[in-house]
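**Student:** You'll find upload-v9.cif just under this line, and it carries mmCIF, C-alpha atoms.
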```cif
data_final
#
loop_
_atom_site.label_atom_id
_atom_site.label_comp_id
_atom_site.auth_asym_id
_atom_site.auth_seq_id
_atom_site.Cartn_x
_atom_site.Cartn_y
_atom_site.Cartn_z
CA MET E 2 -12.57 10.42 -16.14
CA ASP E 3 -13.67 14.00 -15.41
CA ASP E 4 -15.98 13.99 -12.43
CA LEU E 5 -16.34 16.78 -9.86
CA VAL E 6 -17.19 14.43 -6.99
CA THR E 7 -14.19 12.13 -7.46
CA HIS E 8 -11.85 15.10 -7.96
CA SER E 9 -13.04 16.90 -4.81
CA VAL E 10 -13.04 13.79 -2.60
CA CYS E 11 -9.62 12.72 -3.89
CA ARG E 12 -8.12 16.19 -3.42
CA PHE E 13 -9.42 16.22 0.15
CA MET E 14 -8.36 12.67 1.08
CA VAL E 15 -4.92 12.23 -0.49
CA PRO E 16 -2.94 14.48 1.95
CA PHE E 17 -4.40 12.76 5.02
CA VAL E 18 -3.75 9.29 3.61
CA GLN E 19 -0.16 10.24 2.81
CA LEU E 20 0.38 11.73 6.28
CA TYR E 21 -0.92 8.51 7.84
CA GLY E 22 1.39 6.44 5.64
CA VAL E 23 4.45 8.49 6.60
CA TYR E 24 3.44 8.20 10.27
CA LEU E 25 3.20 4.41 9.91
CA ILE E 26 6.67 4.26 8.35
CA PHE E 27 8.44 6.43 10.93
CA TYR E 28 6.68 5.07 14.03
CA GLY E 29 6.91 1.42 13.00
CA HIS E 30 9.26 0.59 15.89
CA LEU E 31 6.86 2.01 18.51
CA SER E 32 3.35 1.24 17.26
CA PRO E 33 1.73 -1.18 14.78
CA GLY E 34 2.72 -0.52 11.22
CA GLY E 35 6.20 -0.34 9.81
CA GLY E 36 7.80 -0.05 6.43
CA PHE E 37 5.58 -2.44 4.47
CA ALA E 38 2.20 -1.22 5.74
CA GLY E 39 3.20 2.45 5.54
CA GLY E 40 4.59 2.07 2.05
CA ALA E 41 1.40 0.34 0.93
CA VAL E 42 -0.70 3.22 2.33
CA VAL E 43 1.45 5.85 0.56
CA ALA E 44 1.25 3.88 -2.68
CA ALA E 45 -2.54 3.56 -2.33
CA SER E 46 -2.86 7.35 -2.03
CA ILE E 47 -0.82 7.98 -5.17
CA ILE E 48 -2.64 5.27 -7.15
CA LEU E 49 -5.96 6.81 -5.99
CA TYR E 50 -4.74 10.18 -7.33
CA ALA E 51 -3.73 8.57 -10.63
CA LEU E 52 -7.10 6.80 -10.95
CA SER E 53 -9.15 9.95 -10.43
CA PHE E 54 -7.01 12.55 -12.23
CA GLY E 55 -5.66 10.33 -14.99
CA ARG E 56 -2.28 8.77 -15.57
CA GLU E 57 -0.83 11.83 -17.32
CA THR E 58 -1.49 14.19 -14.39
CA ALA E 59 -0.10 11.67 -11.92
CA SER E 60 3.06 11.08 -13.94
CA ARG E 61 3.72 14.83 -13.78
CA ARG E 62 3.93 14.39 -9.98
CA ILE E 63 5.87 11.11 -9.97
CA ALA E 64 7.23 10.08 -13.35
CA SER E 65 7.56 6.40 -14.17
CA GLY E 66 11.35 6.67 -14.40
CA VAL E 67 11.60 8.40 -11.00
CA SER E 68 9.46 5.66 -9.47
CA GLN E 69 11.71 2.94 -10.90
CA LEU E 70 14.78 4.82 -9.63
CA MET E 71 13.26 5.02 -6.13
CA GLU E 72 12.57 1.29 -6.25
CA SER E 73 16.24 0.47 -6.81
CA GLY E 74 17.31 3.18 -4.38
CA GLY E 75 15.21 1.77 -1.54
CA GLY E 76 16.82 -1.64 -1.85
CA LEU E 77 20.31 -0.16 -2.12
CA TRP E 78 19.65 2.03 0.95
CA PHE E 79 18.70 -1.06 2.98
CA ILE E 80 21.92 -2.86 1.95
CA LEU E 81 24.02 0.27 2.61
CA VAL E 82 22.65 0.69 6.14
CA GLY E 83 23.21 -3.01 6.73
CA LEU E 84 26.82 -2.77 5.56
CA PHE E 85 27.55 -0.15 8.26
CA GLY E 86 27.35 -2.99 10.77
CA ILE E 87 30.21 -4.77 8.99
CA LEU E 88 32.20 -1.54 8.72
CA LEU E 89 31.91 -1.03 12.49
CA GLY E 90 33.15 -4.53 13.24
CA ALA E 91 29.99 -6.60 13.74
CA ASN E 92 27.58 -8.64 11.61
CA PHE E 93 25.48 -7.47 8.66
CA LEU E 94 22.52 -5.37 9.96
CA ALA E 95 24.05 -5.34 13.46
CA ASN E 96 22.35 -2.78 15.70
CA LYS E 97 23.49 -2.84 19.32
CA ALA E 98 26.68 -4.80 18.65
CA ALA E 99 27.85 -2.11 16.20
CA GLY E 100 27.40 0.58 18.83
CA PHE E 101 24.44 2.52 17.45
CA TYR E 102 22.59 4.81 19.85
CA LEU E 103 19.70 2.87 21.41
CA GLY E 104 18.18 5.46 23.76
CA THR E 105 15.26 4.80 26.11
CA PRO E 106 12.53 2.43 24.88
CA GLY E 107 9.28 4.16 23.96
CA GLN E 108 10.83 7.34 22.60
CA PHE E 109 11.29 8.16 18.94
CA PHE E 110 15.13 8.04 18.89
CA SER E 111 15.29 4.67 20.58
CA SER E 112 16.05 1.82 18.23
CA GLY E 113 19.28 2.48 16.37
CA ILE E 114 19.03 1.79 12.65
CA ILE E 115 15.49 0.34 12.60
CA VAL E 116 13.95 3.71 11.62
CA LEU E 117 16.40 4.03 8.72
CA LEU E 118 15.61 0.48 7.57
CA SER E 119 11.84 1.13 7.78
CA PHE E 120 12.35 4.26 5.68
CA GLY E 121 14.13 2.20 2.99
CA ILE E 122 11.44 -0.49 3.04
CA GLY E 123 8.69 2.14 2.80
CA ILE E 124 10.30 3.81 -0.24
CA LYS E 125 10.80 0.42 -1.88
CA VAL E 126 7.25 -0.87 -1.32
CA ALA E 127 5.55 2.39 -2.31
CA SER E 128 7.50 2.84 -5.53
CA THR E 129 7.12 -0.86 -6.44
CA MET E 130 3.33 -0.57 -6.28
CA ILE E 131 3.30 2.73 -8.18
CA THR E 132 5.47 1.18 -10.91
CA LEU E 133 3.14 -1.83 -10.98
CA TYR E 134 0.15 0.45 -11.53
CA TYR E 135 1.94 2.50 -14.22
CA ASN E 136 2.90 -0.68 -16.08
CA LEU E 137 -0.61 -2.13 -15.80
CA SER E 138 -2.34 1.03 -17.00
CA ALA E 139 0.06 1.84 -19.84
CA GLU E 140 -1.49 2.03 -23.28
CA VAL E 141 0.43 0.20 -25.99
CA ASP E 142 -0.18 -0.11 -29.71
CA GLU E 143 -0.16 -3.40 -31.59
CA HIS E 144 3.65 -3.44 -31.77
CA GLY E 145 4.03 -3.09 -28.00
CA ASN E 146 5.31 0.51 -27.98
CA ASP E 147 4.07 3.11 -25.51
CA ILE E 148 1.59 5.61 -26.88
CA MET F 7 -15.27 -16.32 23.68
CA ILE F 8 -17.37 -16.13 20.54
CA THR F 9 -19.78 -13.21 20.45
CA ILE F 10 -22.68 -12.47 18.13
CA LEU F 11 -20.53 -9.89 16.31
CA ASP F 12 -17.96 -12.59 15.52
CA ILE F 13 -20.61 -14.86 14.04
CA LEU F 14 -22.10 -12.02 11.99
CA LEU F 15 -18.69 -11.00 10.62
CA LEU F 16 -17.75 -14.59 9.74
CA LEU F 17 -21.12 -15.14 8.02
CA PHE F 18 -20.61 -11.93 6.02
CA LEU F 19 -17.13 -13.18 5.09
CA ILE F 20 -18.46 -16.51 3.80
CA VAL F 21 -21.29 -14.85 1.86
CA CYS F 22 -18.80 -12.41 0.27
CA ALA F 23 -16.41 -15.20 -0.70
CA VAL F 24 -19.14 -17.29 -2.34
CA ALA F 25 -20.58 -14.24 -4.10
CA VAL F 26 -17.16 -13.24 -5.52
CA ALA F 27 -16.80 -16.68 -7.04
CA ARG F 28 -20.34 -16.85 -8.49
CA ILE F 29 -21.08 -13.33 -9.76
CA ARG F 30 -20.81 -12.69 -13.52
CA ASP F 31 -20.03 -8.95 -13.52
CA LEU F 32 -16.29 -8.50 -12.88
CA LEU F 33 -16.57 -4.95 -11.47
CA SER F 34 -19.12 -6.15 -8.90
CA ALA F 35 -16.77 -9.01 -8.02
CA VAL F 36 -13.96 -6.52 -7.36
CA ILE F 37 -16.17 -4.41 -5.08
CA LEU F 38 -17.29 -7.55 -3.22
CA PHE F 39 -13.65 -8.55 -2.82
CA ALA F 40 -12.90 -5.13 -1.29
CA ALA F 41 -15.76 -5.66 1.19
CA TYR F 42 -14.32 -9.10 1.99
CA SER F 43 -10.92 -7.54 2.71
CA LEU F 44 -12.45 -4.85 4.92
CA VAL F 45 -14.31 -7.41 7.07
CA MET F 46 -11.15 -9.53 7.18
CA ALA F 47 -9.23 -6.50 8.49
CA ILE F 48 -11.82 -6.02 11.26
CA ILE F 49 -11.48 -9.72 12.17
CA TRP F 50 -7.66 -9.43 12.29
CA GLN F 51 -8.03 -6.47 14.65
CA MET F 52 -10.43 -8.42 16.89
CA LEU F 53 -7.99 -11.35 16.92
CA GLY F 54 -5.37 -9.00 18.33
CA SER F 55 -3.01 -8.34 15.42
CA PRO F 56 -3.37 -4.66 14.42
CA ASP F 57 -0.23 -4.90 12.27
CA VAL F 58 -1.80 -7.44 9.92
CA ALA F 59 -5.08 -5.50 10.02
CA ILE F 60 -3.42 -2.31 8.74
CA THR F 61 -1.68 -4.23 5.95
CA GLU F 62 -4.87 -6.06 4.99
CA ALA F 63 -6.85 -2.80 4.85
CA ALA F 64 -4.19 -1.02 2.80
CA LEU F 65 -3.35 -3.88 0.44
CA GLY F 66 -6.55 -5.92 0.23
CA ALA F 67 -9.11 -3.14 0.22
CA GLY F 68 -6.89 -0.47 -1.36
CA VAL F 69 -4.13 -1.40 -3.76
CA THR F 70 -5.57 -4.72 -4.98
CA THR F 71 -8.89 -3.05 -5.79
CA PHE F 72 -7.16 -0.26 -7.70
CA LEU F 73 -5.06 -2.74 -9.69
CA PHE F 74 -8.12 -4.89 -10.53
CA ILE F 75 -10.06 -1.80 -11.64
CA ALA F 76 -7.12 -0.73 -13.80
CA ALA F 77 -7.03 -4.19 -15.37
CA ILE F 78 -10.81 -4.20 -15.98
CA SER F 79 -10.71 -0.75 -17.57
CA ARG F 80 -8.20 -2.15 -20.11
CA THR F 81 -10.24 -5.31 -20.83
CA GLN F 82 -13.92 -6.30 -20.77
CA ARG F 83 -16.27 -5.87 -17.84
CA THR F 84 -18.10 -9.18 -18.21
CA GLU F 85 -16.61 -12.66 -18.46
#
```
Transcribe the structure of this file into structure tokens.

**Tutor:**
Amino acid sequence: MDDLVTHSVCRFMVPFVQLYGVYLIFYGHLSPGGGFAGGAVVAASIILYALSFGRETASRRIASGVSQLMESGGGLWFILVGLFGILLGANFLANKAAGFYLGTPGQFFSSGIIVLLSFGIGIKVASTMITLYYNLSAEVDEHGNDI
Amino acid sequence: MITILDILLLLFLIVCAVAVARIRDLLSAVILFAAYSLVMAIIWQMLGSPDVAITEAALGAGVTTFLFIAAISRTQRTE
């Protein structure tokens, strides 16, 4: 699809949408949002890019293999951060009991490991939806191989 | 308290839902479904849950529409 209007609007909108998604991920413990909503917004921006510029151009930015790797990495990151609670002598995903820095409520560095967990969830959700789109839009021949 | 805006939004929601089920053109149904999700997001916000509203706007009006359009572009546009 080669259209000047879609290309211009998409090129203008995608950075702002991505900035908003990253803001939602990293301020999820202070304001509405969080890992799931922010990851969905980031994924929507990249799928919008892939719809308007074509799947080939988008997979030069984020390849399908990289997206699948990020999907596994997000889940592993969540488990790894959770295991730190056990290493420090408390339960899985322990926050205050494991002695993480809690800070003053309302400031950015204020909730221990919740920001790190939101980051992992955001990566996981975004790359899952991008992989979903890549798999849905893949062209296959009659034997099921990728073209 | 139910205001006129609430009634208008809920009526629009019902009309969109019925139209999605009855329309023959699949691309029009997808666009109507996006409008349904957008109005639903506004209603979530008015009900006092901005978290759900953000997710509904991003998933319902954004990602779901893109995935449906990708599926339609691989298949036929009419039923």

**Student:** With distances taken over all atoms listed in the file, which of E:Ile115, E:Gly121, E:Asp3, E:Leu52 is nearest to Tyr102 of chain E?

**Tutor:** E:Ile115

**Student:** For a cutoff of 12 Å around the file-coordinate point (-8.7, -13.0, 20.6), which residues qualify once you count only C-alpha atoms? I'd like the result as a list of chain:residue names.

**Tutor:** F:Met7, F:Ile8, F:Thr9, F:Asp12, F:Ile49, F:Trp50, F:Gln51, F:Met52, F:Leu53, F:Gly54, F:Ser55, F:Pro56

**Student:** Residue by residue, what does the PyMOL selection byres ((chain E and resi 8-10) around 12) grab here? Present the result as a ChimeraX atom specification.

**Tutor:** /E:2-7,11-17,49-55

**Student:** Taking the file above as input, evaluate the PyMOL selection byres ((chain F) within 8 of (chain E)) and report the hits as an MDAnalysis selection string.

**Tutor:** chainID F and resid 56:57 60:61 64:65 68:69 72:73 76:77 80

**Student:** Check what the PyMOL selection byres ((chain F and resi 43) around 8) selects in the file above and give those residues as a tab-separated table (two decimals) with C-alpha atoms, in the frame of the given file.

**Tutor:**
```
chain	number	residue	atom	x	y	z
F	39	PHE	CA	-13.65	-8.55	-2.82
F	40	ALA	CA	-12.90	-5.13	-1.29
F	41	ALA	CA	-15.76	-5.66	1.19
F	42	TYR	CA	-14.32	-9.10	1.99
F	44	LEU	CA	-12.45	-4.85	4.92
F	45	VAL	CA	-14.31	-7.41	7.07
F	46	MET	CA	-11.15	-9.53	7.18
F	47	ALA	CA	-9.23	-6.50	8.49
F	62	GLU	CA	-4.87	-6.06	4.99
F	63	ALA	CA	-6.85	-2.80	4.85
F	66	GLY	CA	-6.55	-5.92	0.23
F	67	ALA	CA	-9.11	-3.14	0.22
```

**Student:** Rounded to one decimal in Å, what is the spacing between atom CA of Phe101 of chain E and atom CA of Gly113 of chain E?

**Tutor:**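 It comes out at 5.3 Å.
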
**Student:** Work out how far atom CA of Ile20 of chain F is from atom CA of Leu38 of chain F, in Å to one decimal.

**Tutor:**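 Separating atom CA of Leu38 of chain F from atom CA of Ile20 of chain F is a distance of 11.4 Å.
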
**Student:** Interatomic distance between atom CA of Leu88 of chain E and atom CA of Gln69 of chain E?

**Tutor:**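 Result for atom CA of Leu88 of chain E versus atom CA of Gln69 of chain E: 28.7 Å, one decimal.
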